[in-house]
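Visitor: This structure is in structure tokens; I'll ask about it shortly.
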Amino acid sequence: AQRVTQPEKLLSVFKGAPVELKCNYSYSGSPELFWYVQYSRQRLQLLLRHISRESIKGFTADLNKGETSFHLKKPFAQEEDSAMYYCALSGSSNTGKLIFGQGTTLQVKP
Amino acid sequence: NAGVTQTPKFQVLKTGQSMTLQCAQDMNHEYMSWYRQDPGMGLRLIHYSVGAGITDQGEVPNGYNVSRSTTEDFPLRLLSAAPSQTSVYFCASSYADTGGYGYTFGSGTRLTVV
């Protein structure tokens, strides 16, 4: 079964501290993984996708197929990073549907 | 370009009423999908479409109908609203390219059923 798990509902850090938002997935084929961010009551915005291997707003994520993980990291958190973060999976077949994790709220304190 | 447009932004319904949530995209994307967002549950797929005339059920389809008569539009119909359908609804469109899929989300419809 396809599943995405984000074990932390809330992650609270101080400004300047490192951040790691955890994401584990279950998928039998070759998944495509994404991180989306949602600022207060706004639409979801794409933050990262593993296939592009780029860094956005200082965030990076590496797909670890052995551990079936796609953790999101940032070395120094900023207050403007406070938001809801969703990890999502898209299967290799052409269906255009995403499977989301439960989401993690990141709170960056001054 | 407007991207993905959802209307209305807010709606209050009485139990048993029906309504249609509208979703339109102007990017000529093949795929469209509907999700509901509930606290602690993330976003769950309701229905999706891989092209005009083709729709399929997602994880939580009960109580909802969809149709895709054009590439641009993908309305979501609530047949008989129930309080359990109180949620925020997001529409998304997507395409497949050599780098994977690109998804664009609408701004959401906040629905309350009383």
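Ordering of the structure tokens sets the chain letters (A, B, ...), residue numbers begin anew at 1 in every chain, and ligands are numbered from 1 in the order given.
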If we count only C-alpha atoms and set the cut-off at 6 Å, which residues sit around region 95-98 of chain A, ignoring sequence neighbours fewer than 2 positions away in its own chain? Please answer as a PyMOL selection string.

Guide: (chain A and resi 89-90+93) or (chain B and resi 31+50)

Visitor: Please report as a list of chain:residue names which residues of chain B come no farther than 8 Å from chain A, using only C-alpha atoms.

Guide: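 Using only C-alpha atoms, chain B residues at most 8 Å from chain A: B:Tyr31, B:Met32, B:Ser33, B:Gly40, B:Met41, B:Gly42, B:Leu43, B:Arg44, B:Leu45, B:Tyr48, B:Ser49, B:Val50, B:Ser93, B:Ser94, B:Tyr95, B:Ala96, B:Gly99, B:Gly100, B:Tyr101, B:Tyr103, B:Thr104, B:Phe105, B:Gly106, B:Ser107, B:Gly108.
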
Visitor: Just the selected residues (N, CA and C atoms), exported as a JSON list (two decimals), in the first residue's frame, please.

Guide:
[["chain", "number", "residue", "atom", "x", "y", "z"],
["B", 31, "TYR", "N", -3.99, 16.37, -15.90],
["B", 31, "TYR", "CA", -4.50, 15.75, -14.70],
["B", 31, "TYR", "C", -5.09, 16.78, -13.75],
["B", 32, "MET", "N", -6.22, 16.41, -13.13],
["B", 32, "MET", "CA", -6.80, 17.25, -12.09],
["B", 32, "MET", "C", -7.27, 16.36, -10.95],
["B", 33, "SER", "N", -7.28, 16.94, -9.75],
["B", 33, "SER", "CA", -7.63, 16.14, -8.57],
["B", 33, "SER", "C", -8.23, 17.03, -7.49],
["B", 40, "GLY", "N", -4.73, 17.09, 11.44],
["B", 40, "GLY", "CA", -4.15, 15.82, 11.86],
["B", 40, "GLY", "C", -4.23, 14.71, 10.84],
["B", 41, "MET", "N", -4.85, 14.98, 9.69],
["B", 41, "MET", "CA", -5.01, 13.93, 8.69],
["B", 41, "MET", "C", -4.37, 14.29, 7.36],
["B", 42, "GLY", "N", -3.79, 15.44, 7.28],
["B", 42, "GLY", "CA", -3.16, 15.85, 6.03],
["B", 42, "GLY", "C", -4.20, 16.10, 4.95],
["B", 43, "LEU", "N", -3.79, 15.89, 3.72],
["B", 43, "LEU", "CA", -4.71, 16.01, 2.59],
["B", 43, "LEU", "C", -5.03, 14.61, 2.08],
["B", 44, "ARG", "N", -6.30, 14.37, 1.85],
["B", 44, "ARG", "CA", -6.74, 13.07, 1.36],
["B", 44, "ARG", "C", -7.41, 13.23, 0.02],
["B", 45, "LEU", "N", -7.08, 12.34, -0.89],
["B", 45, "LEU", "CA", -7.58, 12.40, -2.26],
["B", 45, "LEU", "C", -9.03, 11.96, -2.33],
["B", 48, "TYR", "N", -10.01, 11.98, -8.82],
["B", 48, "TYR", "CA", -9.03, 12.53, -9.73],
["B", 48, "TYR", "C", -9.40, 12.20, -11.18],
["B", 49, "SER", "N", -8.73, 12.91, -12.09],
["B", 49, "SER", "CA", -9.03, 12.73, -13.51],
["B", 49, "SER", "C", -7.72, 12.80, -14.30],
["B", 50, "VAL", "N", -7.56, 11.87, -15.23],
["B", 50, "VAL", "CA", -6.35, 11.85, -16.05],
["B", 50, "VAL", "C", -6.60, 12.47, -17.43],
["B", 93, "SER", "N", -4.05, 20.74, -10.31],
["B", 93, "SER", "CA", -3.84, 20.25, -11.67],
["B", 93, "SER", "C", -2.38, 19.91, -11.83],
["B", 94, "SER", "N", -2.09, 19.02, -12.74],
["B", 94, "SER", "CA", -0.71, 18.56, -12.88],
["B", 94, "SER", "C", -0.45, 18.07, -14.29],
["B", 95, "TYR", "N", 0.84, 17.94, -14.57],
["B", 95, "TYR", "CA", 1.30, 17.46, -15.85],
["B", 95, "TYR", "C", 2.47, 16.54, -15.60],
["B", 96, "ALA", "N", 2.82, 15.81, -16.60],
["B", 96, "ALA", "CA", 4.00, 14.94, -16.50],
["B", 96, "ALA", "C", 5.03, 15.43, -17.49],
["B", 99, "GLY", "N", 10.98, 15.46, -16.05],
["B", 99, "GLY", "CA", 11.48, 15.59, -14.68],
["B", 99, "GLY", "C", 10.50, 15.15, -13.64],
["B", 100, "GLY", "N", 9.41, 14.56, -14.05],
["B", 100, "GLY", "CA", 8.41, 14.15, -13.08],
["B", 100, "GLY", "C", 7.14, 14.97, -13.25],
["B", 101, "TYR", "N", 6.33, 14.97, -12.24],
["B", 101, "TYR", "CA", 5.06, 15.67, -12.32],
["B", 101, "TYR", "C", 5.15, 17.05, -11.69],
["B", 103, "TYR", "N", 2.75, 19.92, -10.01],
["B", 103, "TYR", "CA", 1.42, 20.12, -9.45],
["B", 103, "TYR", "C", 1.21, 21.58, -9.08],
["B", 104, "THR", "N", 0.01, 22.10, -9.39],
["B", 104, "THR", "CA", -0.39, 23.44, -8.97],
["B", 104, "THR", "C", -1.70, 23.33, -8.21],
["B", 105, "PHE", "N", -1.75, 23.97, -7.05],
["B", 105, "PHE", "CA", -2.94, 23.92, -6.21],
["B", 105, "PHE", "C", -3.72, 25.21, -6.28],
["B", 106, "GLY", "N", -5.04, 25.07, -6.11],
["B", 106, "GLY", "CA", -5.89, 26.24, -5.95],
["B", 106, "GLY", "C", -5.80, 26.77, -4.52],
["B", 107, "SER", "N", -6.49, 27.87, -4.26],
["B", 107, "SER", "CA", -6.40, 28.52, -2.96],
["B", 107, "SER", "C", -7.34, 27.92, -1.92],
["B", 108, "GLY", "N", -8.19, 26.99, -2.33],
["B", 108, "GLY", "CA", -9.01, 26.27, -1.37],
["B", 108, "GLY", "C", -10.41, 26.82, -1.21]]

Visitor: Interatomic distance between CA of Ala2 (chain B) and CA of Lys57 (chain A)?

Guide: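 Atom-to-atom, CA of Ala2 (chain B) to CA of Lys57 (chain A), that is 24.3 Å.
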
Visitor: Write out as a PyMOL selection string the residues lying within 10 Å of Pro8 (chain B), counting only C-alpha atoms and excluding same-chain residues fewer than 2 positions away.

Guide: chain B and resi 5-6+10-11+20-23+108-111

Visitor: Go through chain B and collect every residue that DSSP, computed from the backbone, puts in strand (DSSP E or B); the answer should be as a PDB file with N, CA and C atoms, in the first residue's frame.

Guide:
ATOM      1  N   VAL B   4      -4.782  27.761 -11.084  1.00  0.00           N
ATOM      2  CA  VAL B   4      -5.945  26.983 -10.665  1.00  0.00           C
ATOM      3  C   VAL B   4      -6.858  27.894  -9.842  1.00  0.00           C
ATOM      4  N   THR B   5      -8.087  28.027 -10.297  1.00  0.00           N
ATOM      5  CA  THR B   5      -9.041  28.916  -9.634  1.00  0.00           C
ATOM      6  C   THR B   5     -10.165  28.104  -9.017  1.00  0.00           C
ATOM      7  N   GLN B   6     -10.393  28.312  -7.724  1.00  0.00           N
ATOM      8  CA  GLN B   6     -11.469  27.633  -7.024  1.00  0.00           C
ATOM      9  C   GLN B   6     -12.501  28.643  -6.557  1.00  0.00           C
ATOM     10  N   THR B   7     -13.768  28.293  -6.734  1.00  0.00           N
ATOM     11  CA  THR B   7     -14.858  29.101  -6.191  1.00  0.00           C
ATOM     12  C   THR B   7     -15.934  28.191  -5.602  1.00  0.00           C
ATOM     13  N   PHE B  10     -15.471  30.476   0.496  1.00  0.00           N
ATOM     14  CA  PHE B  10     -16.129  30.080   1.742  1.00  0.00           C
ATOM     15  C   PHE B  10     -17.560  29.680   1.426  1.00  0.00           C
ATOM     16  N   GLN B  11     -18.070  28.710   2.174  1.00  0.00           N
ATOM     17  CA  GLN B  11     -19.453  28.291   1.993  1.00  0.00           C
ATOM     18  C   GLN B  11     -19.962  27.660   3.267  1.00  0.00           C
ATOM     19  N   VAL B  12     -21.192  28.015   3.648  1.00  0.00           N
ATOM     20  CA  VAL B  12     -21.868  27.354   4.758  1.00  0.00           C
ATOM     21  C   VAL B  12     -23.103  26.669   4.195  1.00  0.00           C
ATOM     22  N   LEU B  13     -23.243  25.399   4.493  1.00  0.00           N
ATOM     23  CA  LEU B  13     -24.378  24.614   4.015  1.00  0.00           C
ATOM     24  C   LEU B  13     -25.143  24.036   5.197  1.00  0.00           C
ATOM     25  N   MET B  19     -24.381  21.054  -3.288  1.00  0.00           N
ATOM     26  CA  MET B  19     -23.704  22.180  -3.920  1.00  0.00           C
ATOM     27  C   MET B  19     -22.558  21.669  -4.771  1.00  0.00           C
ATOM     28  N   THR B  20     -22.042  22.561  -5.602  1.00  0.00           N
ATOM     29  CA  THR B  20     -20.912  22.245  -6.468  1.00  0.00           C
ATOM     30  C   THR B  20     -19.766  23.190  -6.182  1.00  0.00           C
ATOM     31  N   LEU B  21     -18.599  22.613  -5.935  1.00  0.00           N
ATOM     32  CA  LEU B  21     -17.370  23.393  -5.806  1.00  0.00           C
ATOM     33  C   LEU B  21     -16.718  23.435  -7.181  1.00  0.00           C
ATOM     34  N   GLN B  22     -16.395  24.651  -7.602  1.00  0.00           N
ATOM     35  CA  GLN B  22     -15.851  24.805  -8.942  1.00  0.00           C
ATOM     36  C   GLN B  22     -14.327  24.827  -8.919  1.00  0.00           C
ATOM     37  N   CYS B  23     -13.739  24.267  -9.966  1.00  0.00           N
ATOM     38  CA  CYS B  23     -12.286  24.293 -10.133  1.00  0.00           C
ATOM     39  C   CYS B  23     -11.990  24.444 -11.614  1.00  0.00           C
ATOM     40  N   ALA B  24     -11.176  25.417 -11.944  1.00  0.00           N
ATOM     41  CA  ALA B  24     -10.802  25.648 -13.334  1.00  0.00           C
ATOM     42  C   ALA B  24      -9.309  25.933 -13.422  1.00  0.00           C
ATOM     43  N   GLN B  25      -8.693  25.394 -14.468  1.00  0.00           N
ATOM     44  CA  GLN B  25      -7.267  25.664 -14.691  1.00  0.00           C
ATOM     45  C   GLN B  25      -7.059  26.102 -16.132  1.00  0.00           C
ATOM     46  N   TYR B  31      -3.986  16.372 -15.899  1.00  0.00           N
ATOM     47  CA  TYR B  31      -4.504  15.747 -14.700  1.00  0.00           C
ATOM     48  C   TYR B  31      -5.087  16.784 -13.754  1.00  0.00           C
ATOM     49  N   MET B  32      -6.216  16.407 -13.128  1.00  0.00           N
ATOM     50  CA  MET B  32      -6.800  17.251 -12.091  1.00  0.00           C
ATOM     51  C   MET B  32      -7.269  16.360 -10.952  1.00  0.00           C
ATOM     52  N   SER B  33      -7.281  16.936  -9.748  1.00  0.00           N
ATOM     53  CA  SER B  33      -7.631  16.143  -8.571  1.00  0.00           C
ATOM     54  C   SER B  33      -8.227  17.027  -7.490  1.00  0.00           C
ATOM     55  N   TRP B  34      -8.985  16.405  -6.606  1.00  0.00           N
ATOM     56  CA  TRP B  34      -9.596  17.074  -5.464  1.00  0.00           C
ATOM     57  C   TRP B  34      -9.118  16.406  -4.177  1.00  0.00           C
ATOM     58  N   TYR B  35      -8.792  17.257  -3.188  1.00  0.00           N
ATOM     59  CA  TYR B  35      -8.358  16.795  -1.878  1.00  0.00           C
ATOM     60  C   TYR B  35      -9.173  17.511  -0.817  1.00  0.00           C
ATOM     61  N   ARG B  36      -9.305  16.852   0.324  1.00  0.00           N
ATOM     62  CA  ARG B  36      -9.831  17.539   1.486  1.00  0.00           C
ATOM     63  C   ARG B  36      -8.757  17.559   2.560  1.00  0.00           C
ATOM     64  N   GLN B  37      -8.696  18.663   3.278  1.00  0.00           N
ATOM     65  CA  GLN B  37      -7.681  18.861   4.306  1.00  0.00           C
ATOM     66  C   GLN B  37      -8.362  18.940   5.651  1.00  0.00           C
ATOM     67  N   ASP B  38      -7.994  18.027   6.534  1.00  0.00           N
ATOM     68  CA  ASP B  38      -8.549  17.987   7.883  1.00  0.00           C
ATOM     69  C   ASP B  38      -7.408  17.953   8.895  1.00  0.00           C
ATOM     70  N   GLY B  42      -3.792  15.445   7.279  1.00  0.00           N
ATOM     71  CA  GLY B  42      -3.160  15.848   6.035  1.00  0.00           C
ATOM     72  C   GLY B  42      -4.195  16.095   4.948  1.00  0.00           C
ATOM     73  N   LEU B  43      -3.793  15.893   3.719  1.00  0.00           N
ATOM     74  CA  LEU B  43      -4.707  16.011   2.586  1.00  0.00           C
ATOM     75  C   LEU B  43      -5.030  14.614   2.075  1.00  0.00           C
ATOM     76  N   ARG B  44      -6.302  14.375   1.854  1.00  0.00           N
ATOM     77  CA  ARG B  44      -6.739  13.071   1.363  1.00  0.00           C
ATOM     78  C   ARG B  44      -7.415  13.234   0.019  1.00  0.00           C
ATOM     79  N   LEU B  45      -7.078  12.335  -0.895  1.00  0.00           N
ATOM     80  CA  LEU B  45      -7.579  12.405  -2.256  1.00  0.00           C
ATOM     81  C   LEU B  45      -9.031  11.957  -2.327  1.00  0.00           C
ATOM     82  N   ILE B  46      -9.867  12.779  -2.954  1.00  0.00           N
ATOM     83  CA  ILE B  46     -11.294  12.458  -3.086  1.00  0.00           C
ATOM     84  C   ILE B  46     -11.556  11.800  -4.437  1.00  0.00           C
ATOM     85  N   HIS B  47     -11.282  12.530  -5.503  1.00  0.00           N
ATOM     86  CA  HIS B  47     -11.420  12.042  -6.872  1.00  0.00           C
ATOM     87  C   HIS B  47     -10.298  12.641  -7.717  1.00  0.00           C
ATOM     88  N   TYR B  48     -10.012  11.978  -8.824  1.00  0.00           N
ATOM     89  CA  TYR B  48      -9.027  12.530  -9.733  1.00  0.00           C
ATOM     90  C   TYR B  48      -9.404  12.205 -11.177  1.00  0.00           C
ATOM     91  N   SER B  49      -8.733  12.905 -12.088  1.00  0.00           N
ATOM     92  CA  SER B  49      -9.027  12.731 -13.513  1.00  0.00           C
ATOM     93  C   SER B  49      -7.723  12.795 -14.298  1.00  0.00           C
ATOM     94  N   VAL B  50      -7.562  11.867 -15.225  1.00  0.00           N
ATOM     95  CA  VAL B  50      -6.352  11.854 -16.046  1.00  0.00           C
ATOM     96  C   VAL B  50      -6.596  12.469 -17.427  1.00  0.00           C
ATOM     97  N   GLY B  51      -7.805  12.964 -17.638  1.00  0.00           N
ATOM     98  CA  GLY B  51      -8.106  13.625 -18.903  1.00  0.00           C
ATOM     99  C   GLY B  51      -9.604  13.824 -19.028  1.00  0.00           C
ATOM    100  N   ILE B  54     -12.554  11.214 -18.231  1.00  0.00           N
ATOM    101  CA  ILE B  54     -12.018  10.113 -17.437  1.00  0.00           C
ATOM    102  C   ILE B  54     -11.852  10.558 -15.984  1.00  0.00           C
ATOM    103  N   THR B  55     -12.555   9.875 -15.081  1.00  0.00           N
ATOM    104  CA  THR B  55     -12.412  10.183 -13.660  1.00  0.00           C
ATOM    105  C   THR B  55     -12.288   8.875 -12.887  1.00  0.00           C
ATOM    106  N   ASP B  56     -11.766   8.964 -11.674  1.00  0.00           N
ATOM    107  CA  ASP B  56     -11.644   7.788 -10.826  1.00  0.00           C
ATOM    108  C   ASP B  56     -11.667   8.221  -9.372  1.00  0.00           C
ATOM    109  N   GLN B  57     -11.957   7.242  -8.500  1.00  0.00           N
ATOM    110  CA  GLN B  57     -12.085   7.526  -7.082  1.00  0.00           C
ATOM    111  C   GLN B  57     -10.725   7.542  -6.406  1.00  0.00           C
ATOM    112  N   TYR B  64     -19.370  12.335  -2.678  1.00  0.00           N
ATOM    113  CA  TYR B  64     -18.905  13.305  -3.675  1.00  0.00           C
ATOM    114  C   TYR B  64     -19.015  12.712  -5.086  1.00  0.00           C
ATOM    115  N   ASN B  65     -19.346  13.573  -6.043  1.00  0.00           N
ATOM    116  CA  ASN B  65     -19.315  13.198  -7.451  1.00  0.00           C
ATOM    117  C   ASN B  65     -18.470  14.183  -8.234  1.00  0.00           C
ATOM    118  N   VAL B  66     -17.865  13.712  -9.304  1.00  0.00           N
ATOM    119  CA  VAL B  66     -17.108  14.593 -10.186  1.00  0.00           C
ATOM    120  C   VAL B  66     -17.427  14.255 -11.634  1.00  0.00           C
ATOM    121  N   ASP B  73     -12.034  22.269 -16.686  1.00  0.00           N
ATOM    122  CA  ASP B  73     -12.916  22.303 -15.512  1.00  0.00           C
ATOM    123  C   ASP B  73     -13.060  20.941 -14.848  1.00  0.00           C
ATOM    124  N   LEU B  76     -16.589  19.585  -8.286  1.00  0.00           N
ATOM    125  CA  LEU B  76     -16.837  18.582  -7.237  1.00  0.00           C
ATOM    126  C   LEU B  76     -18.231  18.821  -6.679  1.00  0.00           C
ATOM    127  N   ARG B  77     -19.068  17.797  -6.738  1.00  0.00           N
ATOM    128  CA  ARG B  77     -20.443  17.933  -6.269  1.00  0.00           C
ATOM    129  C   ARG B  77     -20.651  17.194  -4.956  1.00  0.00           C
ATOM    130  N   LEU B  78     -21.227  17.909  -4.004  1.00  0.00           N
ATOM    131  CA  LEU B  78     -21.661  17.290  -2.756  1.00  0.00           C
ATOM    132  C   LEU B  78     -23.142  16.980  -2.919  1.00  0.00           C
ATOM    133  N   SER B  87     -14.752  20.857   5.958  1.00  0.00           N
ATOM    134  CA  SER B  87     -13.338  20.680   5.650  1.00  0.00           C
ATOM    135  C   SER B  87     -12.888  21.827   4.759  1.00  0.00           C
ATOM    136  N   VAL B  88     -11.594  21.813   4.448  1.00  0.00           N
ATOM    137  CA  VAL B  88     -11.062  22.705   3.424  1.00  0.00           C
ATOM    138  C   VAL B  88     -10.761  21.840   2.209  1.00  0.00           C
ATOM    139  N   TYR B  89     -11.257  22.271   1.064  1.00  0.00           N
ATOM    140  CA  TYR B  89     -11.119  21.488  -0.154  1.00  0.00           C
ATOM    141  C   TYR B  89     -10.138  22.178  -1.103  1.00  0.00           C
ATOM    142  N   PHE B  90      -9.197  21.391  -1.601  1.00  0.00           N
ATOM    143  CA  PHE B  90      -8.213  21.901  -2.549  1.00  0.00           C
ATOM    144  C   PHE B  90      -8.313  21.140  -3.859  1.00  0.00           C
ATOM    145  N   CYS B  91      -8.256  21.894  -4.933  1.00  0.00           N
ATOM    146  CA  CYS B  91      -8.182  21.338  -6.265  1.00  0.00           C
ATOM    147  C   CYS B  91      -6.751  21.490  -6.760  1.00  0.00           C
ATOM    148  N   ALA B  92      -6.288  20.542  -7.538  1.00  0.00           N
ATOM    149  CA  ALA B  92      -4.939  20.622  -8.093  1.00  0.00           C
ATOM    150  C   ALA B  92      -4.954  20.171  -9.539  1.00  0.00           C
ATOM    151  N   SER B  93      -4.051  20.743 -10.314  1.00  0.00           N
ATOM    152  CA  SER B  93      -3.843  20.251 -11.672  1.00  0.00           C
ATOM    153  C   SER B  93      -2.378  19.910 -11.829  1.00  0.00           C
ATOM    154  N   SER B  94      -2.091  19.016 -12.744  1.00  0.00           N
ATOM    155  CA  SER B  94      -0.713  18.560 -12.883  1.00  0.00           C
ATOM    156  C   SER B  94      -0.449  18.065 -14.289  1.00  0.00           C
ATOM    157  N   TYR B  95       0.840  17.944 -14.571  1.00  0.00           N
ATOM    158  CA  TYR B  95       1.295  17.464 -15.851  1.00  0.00           C
ATOM    159  C   TYR B  95       2.468  16.536 -15.601  1.00  0.00           C
ATOM    160  N   ALA B  96       2.823  15.810 -16.602  1.00  0.00           N
ATOM    161  CA  ALA B  96       4.000  14.944 -16.502  1.00  0.00           C
ATOM    162  C   ALA B  96       5.030  15.432 -17.491  1.00  0.00           C
ATOM    163  N   ASP B  97       6.227  15.647 -16.991  1.00  0.00           N
ATOM    164  CA  ASP B  97       7.314  15.978 -17.904  1.00  0.00           C
ATOM    165  C   ASP B  97       8.478  15.051 -17.631  1.00  0.00           C
ATOM    166  N   GLY B 100       9.408  14.557 -14.045  1.00  0.00           N
ATOM    167  CA  GLY B 100       8.406  14.154 -13.079  1.00  0.00           C
ATOM    168  C   GLY B 100       7.139  14.966 -13.251  1.00  0.00           C
ATOM    169  N   TYR B 101       6.329  14.975 -12.235  1.00  0.00           N
ATOM    170  CA  TYR B 101       5.056  15.668 -12.317  1.00  0.00           C
ATOM    171  C   TYR B 101       5.151  17.051 -11.692  1.00  0.00           C
ATOM    172  N   GLY B 102       4.463  18.016 -12.306  1.00  0.00           N
ATOM    173  CA  GLY B 102       4.381  19.340 -11.707  1.00  0.00           C
ATOM    174  C   GLY B 102       2.949  19.589 -11.262  1.00  0.00           C
ATOM    175  N   TYR B 103       2.753  19.915 -10.011  1.00  0.00           N
ATOM    176  CA  TYR B 103       1.420  20.121  -9.452  1.00  0.00           C
ATOM    177  C   TYR B 103       1.209  21.582  -9.081  1.00  0.00           C
ATOM    178  N   THR B 104       0.014  22.097  -9.387  1.00  0.00           N
ATOM    179  CA  THR B 104      -0.390  23.439  -8.972  1.00  0.00           C
ATOM    180  C   THR B 104      -1.699  23.333  -8.214  1.00  0.00           C
ATOM    181  N   PHE B 105      -1.748  23.969  -7.051  1.00  0.00           N
ATOM    182  CA  PHE B 105      -2.937  23.918  -6.214  1.00  0.00           C
ATOM    183  C   PHE B 105      -3.721  25.208  -6.283  1.00  0.00           C
ATOM    184  N   THR B 109     -11.328  25.943  -0.814  1.00  0.00           N
ATOM    185  CA  THR B 109     -12.698  26.309  -0.441  1.00  0.00           C
ATOM    186  C   THR B 109     -12.926  25.816   0.976  1.00  0.00           C
ATOM    187  N   ARG B 110     -13.280  26.740   1.856  1.00  0.00           N
ATOM    188  CA  ARG B 110     -13.535  26.379   3.253  1.00  0.00           C
ATOM    189  C   ARG B 110     -15.030  26.143   3.418  1.00  0.00           C
ATOM    190  N   LEU B 111     -15.407  24.887   3.628  1.00  0.00           N
ATOM    191  CA  LEU B 111     -16.820  24.500   3.695  1.00  0.00           C
ATOM    192  C   LEU B 111     -17.200  24.119   5.115  1.00  0.00           C
ATOM    193  N   THR B 112     -18.301  24.685   5.575  1.00  0.00           N
ATOM    194  CA  THR B 112     -18.862  24.321   6.881  1.00  0.00           C
ATOM    195  C   THR B 112     -20.267  23.795   6.667  1.00  0.00           C
ATOM    196  N   VAL B 113     -20.543  22.621   7.202  1.00  0.00           N
ATOM    197  CA  VAL B 113     -21.882  22.035   7.120  1.00  0.00           C
ATOM    198  C   VAL B 113     -22.476  22.010   8.527  1.00  0.00           C
TER     199      VAL B 113
END

Visitor: To one decimal in Å, tell me the separation between CA of Lys9 (chain B) and CA of Pro61 (chain B).

Guide: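 Separation of CA of Lys9 (chain B) and CA of Pro61 (chain B): 21.2 Å.
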